[in-house]
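Quick notes on the structure that follows.
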Amino acid sequence: MTEQGFLLTDATLSQLAEDALLHARKQGATAAEVNVYEGFGLTVTARQRAVESIEYNRGKDLGISVYLGQRSGQASTSDFSRRAVEETVESALAIARFTAEDDCAGLPEEALLAREILSLDLYHPWRLSSEEAIALAIRSESAALDWDTRISNSEGASVSTQEAQFVAANSSGFMGGYPASRNSVSCSVIAGTGAAMQRDYWYESNRDAGRLIAPEAIGEIAAKRAVARLGAKKIQTGVFPVLFEATVAASLLGHFTQAVSGGALYRKASFLLDQMGKAIFPAFFNLRELPHLPGGLASAPFDREGVATHEREVVRDGVLQGYFLDVYSGRKLGLPTTANAGGCHNLLLLPGEQDLAGLMREMGRGLLVTELLGFGVNGVTGDYSRGAAGFWVEEGTIAHPVEEITIAGNLRTMFQAIVGIGNDVRISGSKQTGSILIEGMTVAT
């Protein structure tokens with residue numbers, strides 16, 4: 001199925017969008033916006049050197065939002081026939097007629113809309129047959145199983161390739177779209193036996209499969225990480241420095257972005273209310289949004305509302321410079337949109353000078369966290385408590401693995417207590433960061 005490619009042309013998607021907008025106007029809508037999408041892909045999983053699952057996916061969707069003054073309604077369909085599209089528009093209008101007026105509802109101001117659709121190198125088809133994908137997955141898992149005799153079992157290796165294209169348009173004259181791809185390889189294995197078993201994994205993801213490391217390397221990293229966790233011990237309860245490995249450090253940026261996102265702010269459900277222009281982090285902390293990064297996993301020339309994206313400083317020298325707003329939340333707060341409808345676009349925490357080993361030496365004695373478990377984070381108060389696993393560090397080097405521990409604190413305090421940022425930047429999604437060292441957190445068994 002993946003070899004067939006897209007079933008619709010971009011011209012067809014554009015025509016569907018135009019037809020939907022035209023019908024909305026004919027039916028009395030004062031404004032409308034539409035998104036037409038098509039996507040497909042292949043995911044295979046191999047376990048114990050044999051195929052375990054093969055999944056093909058293919059889908060399409062047309063979603064429309066209509067406005068009757070400041071009342072709005074939304075509807076969607078996967079049927080692209082003319083009558084189905086018209087009925088979808090009419091359904092959205094029927095909903096709008098029964099909704100309350102909202103003075104923040106409506107399309108973006110025309111001056112904010114993207115007029116030039118930048119090419120950002122986001123589309124690299126990886127047209128694997130199922131047989132080729134299975135072979136790659138088996139190569140990855142086999143490399144893990146053969147890496148060390150202590151690898152006793154496997155949760156499997158997966159290969160995934162996904163392609164999508166879309167066109168977004170609105171009644172203010174905006175229309176734009178592009179194709180994009182995302183390809184990944186992952187492997188998860190188990191080391192040890194009985195009650196002493198430990199699991200770990202590794203994965204790589206990229207727009208361009210040619211930039212992925214070899215599947216064998218992914219399997220070997222997964223095996224190495226699993227074996228390293230054998231012999232885990234509990235540790236004493238206390239307040240210690242905690243070093244978040246880059247693989248989990250991105251979650252701290254996730255808590256920050258959620259706290260300064262429009263929905264949380266206008267609902268007053270954030271521990272970072274009214275912090276614009278204030279020092280949230282130490283002075284060496286600088287966070288940028290880079291939406292036009294070529295090949296970036298979260299790059300986009302415009303957001304879901306058609307607003308042109310732009311590079312910006314979110315945090316400069318520790319001071320909050322901007323929120324994450326779409327048009328609606330911006331109006332609620334009396335602020336302009338930041339072109340973040342749909343999420344953030346390649347957040348990069350500027351790295352420090354030290355690698356992970358250097359940060360461990362700086363920490364001296366404390367906890368290196370490589371896995372987080374559960375989700376004990378209160379977005380309103382900032383209280384933070386999560387299960388964790390990783391390694392105990394003595395005199396700047398790993399002493400032994402640890403498990404069944406909890407790390408706790410408050411995110412406001414944790415952000416201020418960051419004392420180091422690594423240069424071991426991990427690129428795996430919309431947030432890019434190296435390891436992060438926090439001066440002190442409560443560690444409990």
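In the structure tokens, the first chain shown is A, the next is B, and so on; residue numbers restart at 1 for each chain, and ligands run from 1 in the order shown.
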
* Could you write out, as a ChimeraX atom specification, all the residues of region 343-399 of chain A that DSSP marks as helix (DSSP H, G or I)? -> /A:356-363

If we count only C-alpha atoms and set the cut-off at 6 Å, which residues sit around region 31-42 of chain A, ignoring sequence neighbours fewer than 4 positions away in its own chain? Please answer as a PDB file with C-alpha atoms, in the first residue's frame.
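Final output, part_14.pdb:
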ATOM      1  CA  THR A   2       2.787   2.457   0.788  1.00  0.00           C
ATOM      2  CA  GLU A  55      -0.197  -2.561  10.047  1.00  0.00           C
ATOM      3  CA  TYR A  56      -1.139  -0.485   7.042  1.00  0.00           C
ATOM      4  CA  ASN A  57      -3.050   2.718   7.584  1.00  0.00           C
ATOM      5  CA  ARG A  58      -4.679   5.081   5.147  1.00  0.00           C
ATOM      6  CA  GLY A  59      -7.102   7.859   5.937  1.00  0.00           C
ATOM      7  CA  LYS A  60      -8.527  11.175   4.823  1.00  0.00           C
ATOM      8  CA  ASP A  61     -10.506  13.894   6.495  1.00  0.00           C
ATOM      9  CA  LEU A  62     -12.134  17.229   5.763  1.00  0.00           C
ATOM     10  CA  GLY A  63     -12.795  19.402   8.777  1.00  0.00           C
ATOM     11  CA  ILE A  64     -14.558  22.747   8.629  1.00  0.00           C
ATOM     12  CA  SER A  65     -15.261  25.525  11.135  1.00  0.00           C
ATOM     13  CA  VAL A  66     -17.956  28.035  10.250  1.00  0.00           C
ATOM     14  CA  TYR A  67     -18.932  31.314  11.864  1.00  0.00           C
ATOM     15  CA  SER A 160       7.363   2.869  10.763  1.00  0.00           C
ATOM     16  CA  THR A 161       7.004   5.124   7.745  1.00  0.00           C
ATOM     17  CA  GLN A 162       4.235   7.707   7.498  1.00  0.00           C
ATOM     18  CA  GLU A 163       3.317  10.255   4.832  1.00  0.00           C
ATOM     19  CA  ALA A 164       0.679  12.961   4.877  1.00  0.00           C
ATOM     20  CA  GLN A 165      -0.418  15.938   2.825  1.00  0.00           C
ATOM     21  CA  PHE A 166      -2.951  18.646   3.542  1.00  0.00           C
ATOM     22  CA  VAL A 167      -4.420  21.912   2.378  1.00  0.00           C
ATOM     23  CA  ALA A 168      -5.723  24.543   4.794  1.00  0.00           C
ATOM     24  CA  ALA A 169      -7.824  27.486   3.637  1.00  0.00           C
ATOM     25  CA  ASN A 170     -10.150  30.164   4.958  1.00  0.00           C
ATOM     26  CA  SER A 171     -12.593  32.749   3.691  1.00  0.00           C
TER      27      SER A 171
END

* Arg182 (chain A) environment, 12 Å, only C-alpha atoms, sequence neighbours closer than 6 positions dropped, as number ranges by chain -> A: 39-43, 121-127, 159-165, 204-212, 295-298, 428-429

* Asked: Between A:His310, A:Arg97, A:Arg139, A:Arg426, which one has atoms that come closest to Ile218 (chain A), using only C-alpha atoms?
  ->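 Looking only at the distances to Ile218 (chain A), the closest residue turns out to be A:Arg139.
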
* What is the CA of Ala269 (chain A)-CA of His255 (chain A) distance in Å, reported with one decimal? ->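 Computing it gives 12.7 Å between the two atoms.
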
At most 9 Å is the cut-off: for each residue in region 241-338 of chain A with any atom that close to an atom of region 378-401 of chain A, write down the nearest atom pair and the distance in Å rounded to one decimal, counting only C-alpha atoms, chain first then increasing number, as JSON lines.
{"residue": "A:His255", "atom": "CA", "partner": "A:Gly379", "partner_atom": "CA", "distance": 7.6}
{"residue": "A:Gln258", "atom": "CA", "partner": "A:Gly379", "partner_atom": "CA", "distance": 7.8}
{"residue": "A:Ala259", "atom": "CA", "partner": "A:Gly379", "partner_atom": "CA", "distance": 6.6}
{"residue": "A:Ala264", "atom": "CA", "partner": "A:Gly379", "partner_atom": "CA", "distance": 8.4}
{"residue": "A:Lys268", "atom": "CA", "partner": "A:Val380", "partner_atom": "CA", "distance": 8.0}
{"residue": "A:Ala269", "atom": "CA", "partner": "A:Val380", "partner_atom": "CA", "distance": 4.9}
{"residue": "A:Ser270", "atom": "CA", "partner": "A:Val380", "partner_atom": "CA", "distance": 4.4}
{"residue": "A:Phe271", "atom": "CA", "partner": "A:Val380", "partner_atom": "CA", "distance": 4.9}
{"residue": "A:Leu272", "atom": "CA", "partner": "A:Val380", "partner_atom": "CA", "distance": 8.3}

* Neighbours of Leu93 (chain A) within 10 Å (only C-alpha atoms; same-chain residues fewer than 4 positions away dropped), as a list of chain:residue names? ->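 In the requested form, the answer reads A:Ala24, A:Gln27, A:Gly28, A:Ala29, A:Ala32, A:Ile64, A:Ser65, A:Val66, A:Tyr67, A:Leu68, A:Arg71, A:Ser72, A:Gly73, A:Gln74, A:Ala75, A:Glu87, A:Thr88, A:Val89, A:Arg97, A:Phe98.
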
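Distances here use only C-alpha atoms; by that measure, the residue among A:Ala246, A:Phe415, A:Ser299, A:Leu252 closest to Thr433 (chain A) is A:Ala246.
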
* To do: Excluding Glu313 (chain A) and any residue of its chain fewer than 6 positions from it, enumerate the residues within 7 Å of it, using only C-alpha atoms, and give them as a list in words.
  =>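 The neighbour list is Leu287, Arg288, Glu289 and Gln321 of chain A.
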
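The nearest approach to Leu265 (chain A) among the residues A:Gly330, A:Gly5, A:Gly219, A:Gly306, with only C-alpha atoms taken into account, belongs to A:Gly330.
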
* So what do you get for CA of Gly422 (chain A) versus CA of Ile436 (chain A), distance-wise? -> 6.3 Å

* Asked: What is the CA of Ala300 (chain A)-CA of Leu120 (chain A) distance in Å, reported with one decimal?
  -> 7.4 Å

* Give me every strand (DSSP E) residue in region 174-316 of chain A, going by DSSP on the backbone, as a PyMOL selection string. => chain A and resi 175-191+198-206+238-244+287-289+312-316

Write the selection just made, keeping N, CA and C atoms, as a CSV table (one decimal), in the first residue's frame?
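To be explicit, this is the file written out as selection32.csv:
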chain,number,residue,atom,x,y,z
A,175,MET,N,-4.8,30.2,1.6
A,175,MET,CA,-4.7,28.7,1.2
A,175,MET,C,-3.3,28.3,1.2
A,176,GLY,N,-3.0,27.2,1.8
A,176,GLY,CA,-1.6,26.7,1.8
A,176,GLY,C,-1.6,25.2,2.2
A,177,GLY,N,-0.6,24.5,1.9
A,177,GLY,CA,-0.4,23.1,2.3
A,177,GLY,C,0.8,22.5,1.8
A,178,TYR,N,1.2,21.4,2.2
A,178,TYR,CA,2.4,20.7,1.8
A,178,TYR,C,2.4,19.2,2.2
A,179,PRO,N,3.2,18.4,1.7
A,179,PRO,CA,3.3,17.0,2.1
A,179,PRO,C,4.4,16.9,3.2
A,180,ALA,N,4.4,15.9,4.0
A,180,ALA,CA,5.4,15.7,5.1
A,180,ALA,C,5.5,14.2,5.3
A,181,SER,N,6.7,13.8,5.8
A,181,SER,CA,6.9,12.4,6.1
A,181,SER,C,7.5,12.3,7.5
A,182,ARG,N,7.4,11.2,8.1
A,182,ARG,CA,8.0,10.9,9.4
A,182,ARG,C,8.3,9.4,9.4
A,183,ASN,N,9.6,9.1,9.7
A,183,ASN,CA,10.1,7.7,9.7
A,183,ASN,C,10.8,7.4,11.0
A,184,SER,N,10.6,6.2,11.5
A,184,SER,CA,11.2,5.8,12.7
A,184,SER,C,11.6,4.3,12.8
A,185,VAL,N,12.6,4.1,13.7
A,185,VAL,CA,13.0,2.7,14.0
A,185,VAL,C,13.1,2.7,15.5
A,186,SER,N,12.6,1.6,16.2
A,186,SER,CA,12.7,1.5,17.6
A,186,SER,C,12.9,0.0,18.0
A,187,CYS,N,13.5,-0.1,19.2
A,187,CYS,CA,13.8,-1.5,19.7
A,187,CYS,C,13.7,-1.5,21.2
A,188,SER,N,13.1,-2.5,21.8
A,188,SER,CA,12.9,-2.6,23.2
A,188,SER,C,13.2,-4.1,23.7
A,189,VAL,N,14.2,-4.2,24.6
A,189,VAL,CA,14.6,-5.5,25.0
A,189,VAL,C,14.7,-5.7,26.5
A,190,ILE,N,14.8,-6.9,27.0
A,190,ILE,CA,14.8,-7.2,28.4
A,190,ILE,C,16.1,-7.9,28.7
A,191,ALA,N,16.8,-7.5,29.8
A,191,ALA,CA,18.0,-8.1,30.3
A,191,ALA,C,17.7,-8.8,31.6
A,198,GLN,N,15.4,-6.3,33.7
A,198,GLN,CA,15.3,-4.9,33.4
A,198,GLN,C,15.0,-4.7,32.0
A,199,ARG,N,14.2,-3.7,31.7
A,199,ARG,CA,13.8,-3.4,30.3
A,199,ARG,C,14.3,-2.0,29.9
A,200,ASP,N,14.8,-1.8,28.7
A,200,ASP,CA,15.0,-0.5,28.2
A,200,ASP,C,14.9,-0.5,26.7
A,201,TYR,N,15.0,0.7,26.1
A,201,TYR,CA,14.7,0.8,24.6
A,201,TYR,C,15.5,1.9,24.0
A,202,TRP,N,15.4,2.0,22.7
A,202,TRP,CA,16.0,3.2,22.0
A,202,TRP,C,15.2,3.4,20.7
A,203,TYR,N,15.1,4.6,20.3
A,203,TYR,CA,14.4,4.8,19.0
A,203,TYR,C,15.0,6.1,18.3
A,204,GLU,N,14.8,6.1,17.0
A,204,GLU,CA,15.3,7.3,16.2
A,204,GLU,C,14.1,7.7,15.3
A,205,SER,N,13.9,9.0,15.1
A,205,SER,CA,12.9,9.4,14.2
A,205,SER,C,13.4,10.6,13.4
A,206,ASN,N,13.0,10.6,12.1
A,206,ASN,CA,13.5,11.7,11.2
A,206,ASN,C,12.5,11.8,10.1
A,238,GLY,N,16.3,11.3,50.7
A,238,GLY,CA,17.0,12.6,51.0
A,238,GLY,C,16.8,13.6,49.9
A,239,VAL,N,17.4,14.7,50.1
A,239,VAL,CA,17.5,15.8,49.1
A,239,VAL,C,18.8,15.7,48.4
A,240,PHE,N,18.8,15.5,47.1
A,240,PHE,CA,20.0,15.3,46.3
A,240,PHE,C,19.9,16.0,45.0
A,241,PRO,N,21.1,16.3,44.3
A,241,PRO,CA,21.0,16.8,43.0
A,241,PRO,C,20.5,15.7,42.1
A,242,VAL,N,19.7,16.2,41.0
A,242,VAL,CA,19.1,15.2,40.1
A,242,VAL,C,19.5,15.7,38.7
A,243,LEU,N,20.0,14.8,37.9
A,243,LEU,CA,20.4,15.0,36.5
A,243,LEU,C,19.5,14.3,35.6
A,244,PHE,N,18.7,15.0,34.8
A,244,PHE,CA,17.8,14.4,33.9
A,244,PHE,C,18.5,14.2,32.5
A,287,LEU,N,15.8,29.8,25.6
A,287,LEU,CA,15.0,28.9,24.9
A,287,LEU,C,14.4,29.6,23.6
A,288,ARG,N,14.6,29.0,22.5
A,288,ARG,CA,14.2,29.6,21.2
A,288,ARG,C,13.2,28.7,20.5
A,289,GLU,N,12.3,29.3,19.7
A,289,GLU,CA,11.4,28.5,18.9
A,289,GLU,C,11.9,28.7,17.4
A,312,ARG,N,11.5,33.0,17.3
A,312,ARG,CA,11.4,33.9,18.4
A,312,ARG,C,12.1,33.4,19.6
A,313,GLU,N,12.4,34.3,20.5
A,313,GLU,CA,13.0,33.9,21.8
A,313,GLU,C,11.8,33.7,22.8
A,314,VAL,N,11.7,32.6,23.4
A,314,VAL,CA,10.7,32.3,24.4
A,314,VAL,C,11.2,32.7,25.8
A,315,VAL,N,12.4,32.3,26.0
A,315,VAL,CA,13.1,32.7,27.3
A,315,VAL,C,14.5,33.2,26.9
A,316,ARG,N,14.8,34.4,27.4
A,316,ARG,CA,16.1,35.0,27.2
A,316,ARG,C,16.7,35.3,28.5

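Once region 102-105 of chain A and its same-chain neighbours fewer than 3 positions away are set aside, Tyr67, Gly69, Gln70, Arg71, Ser72, Thr99, Pro108, Val327, Tyr328, Ser329, Gly330, Arg331, Lys332, Leu333 and Gly334 of chain A remain within 10 Å of it when counting only C-alpha atoms.
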
Mind writing the picked residues with C-alpha atoms as a tab-separated table (two decimals), in the first residue's frame?
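Output (again_6.tsv):
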chain	number	residue	atom	x	y	z
A	67	TYR	CA	-18.93	31.31	11.86
A	69	GLY	CA	-21.04	36.37	13.43
A	70	GLN	CA	-19.38	35.27	16.65
A	71	ARG	CA	-21.10	31.92	16.91
A	72	SER	CA	-19.18	28.94	15.61
A	99	THR	CA	-24.07	28.00	20.18
A	108	PRO	CA	-7.10	35.45	12.36
A	327	VAL	CA	-5.90	33.32	17.96
A	328	TYR	CA	-8.65	32.47	20.44
A	329	SER	CA	-6.49	32.27	23.57
A	330	GLY	CA	-4.64	35.41	22.52
A	331	ARG	CA	-7.90	37.34	22.31
A	332	LYS	CA	-8.93	35.96	25.69
A	333	LEU	CA	-5.72	37.37	27.16
A	334	GLY	CA	-5.71	40.58	25.14

* Structure fact -> Restricting to only C-alpha atoms, whichever of A:Ala196, A:Leu113, A:Leu230, A:Ala214 is closest to Ala143 (chain A) is A:Ala214

* Extract, using only C-alpha atoms, all DNA, RNA and protein residues at most 10 Å from Glu216 (chain A), discarding same-chain residues fewer than 6 positions from it, and format them as a PyMOL selection string. => chain A and resi 136-144+147+187+222
